[in-house]
Amino acid sequence: YRYDGNIIFHIHIPPRGRSCQISSEPSIIRTFPWTLIGHIKPNHDNFQNDNVGVFGLFLKCGVDKTIQNWSIFAKAELTLLHATNSKKNYVKKINHLFNSRSIDWGFHNFKYLKEIYDEFLHPSDNTIRIEAKIHADPPRNVDWDSKGQTGFVGLRNIGATCYMNSFLQTIYFTKKLRKAVYALPTDHDDQSHSIPLALQKLFYDLQFSDRAVSTKKLTRSFG
């Protein structure tokens, strides 16, 4: 259920002139399996000329085909590790809305094969090494039990209340402040107009509700 993760991908490079496709082991992020797919495409007209042969790299989100209309936005940083000098590592970034019609995204020409062979091939095991850092937003149009999967629920935005919600979450997650709110004397307060009482109820719902919480009662108490 985590929102980010890493993939370490070692690709055994075939002899010059041979093509191949290989997939990494999956990394589970937001309950979905994410994999890297590498393509080695030499220049078959002249396999000695690697200037036009390319290495392609793609990030794939593997969602159950029975789920319809799903989407999930993700960012990824793909790093090709230099064989001898980490300062020369090669990095490309992805920002993409993955969905049932676009399950993978990346680069048909991530690097020319000549550069792969000359700079990035690790001679000890004839591999190239790739690290991917992935961050994914919550998926849309799929069953997402936030409380069950993360232990927390959020606050609904009831219209230009995002700044207030951020402030309320900050207080709520600062345990001393949360306890101070619960300790406010509200036994004799007006149910409709007491800000401390409305704040206590909001925090109670954040702690024990199974779904996202509305702030309407709190904003009404403001007048």
# chains A, B, ... in the order shown; residues from 1 in each chain; ligands from 1
call {"tool": "select_by_dssp", "arguments": {"residues": "chain A", "states": "helix (DSSP H, G or I)", "output": "number ranges by chain"}}
result
A: 86-88, 113-120, 146-150, 162-173, 175-182, 195-208, 216-221
call {"tool": "residues_around", "arguments": {"residues": "stretch 12-16 of chain A", "least_positions_apart": "3", "cutoff": "12 Å", "atoms": "only C-alpha atoms", "output": "PyMOL selection string"}}
result
chain A and resi 9+19-24+38-44+46-50+53-55+113-114+116-117+120-130
call {"tool": "atom_distance", "arguments": {"atom1": "atom CA of A:Thr170", "atom2": "atom CA of A:Val142"}}
result
28.0 Å
call {"tool": "closest_residue", "arguments": {"among": "A:Arg2, A:Lys65, A:His135, A:Lys60", "to": "A:Phe107", "atoms": "only C-alpha atoms"}}
result
A:Lys60
call {"tool": "atom_distance", "arguments": {"atom1": "atom CA of A:Asn95", "atom2": "atom CA of A:Ile134"}}
result
10.0 Å
call {"tool": "atom_distance", "arguments": {"atom1": "atom CA of A:His193", "atom2": "atom CA of A:Ser221"}}
result
4.4 Å
call {"tool": "residues_around", "arguments": {"residues": "stretch 68-80 of chain A", "least_positions_apart": "4", "cutoff": "8 Å", "atoms": "only C-alpha atoms", "output": "MDAnalysis selection string"}}
result
chainID A and resid 89:100 120 128:142
call {"tool": "select_by_dssp", "arguments": {"residues": "stretch 52-167 of chain A", "states": "strand (DSSP E or B)", "output": "JSON, numbers by chain"}}
result
{"A": [54, 55, 56, 57, 58, 59, 60, 61, 71, 72, 73, 74, 75, 76, 77, 78, 79, 80, 90, 91, 92, 93, 94, 95, 96, 97, 98, 99, 102, 104, 105, 106, 107, 108, 109, 110, 111, 112, 122, 127, 128, 129, 130, 131, 132, 133, 134, 135, 136, 140, 155]}
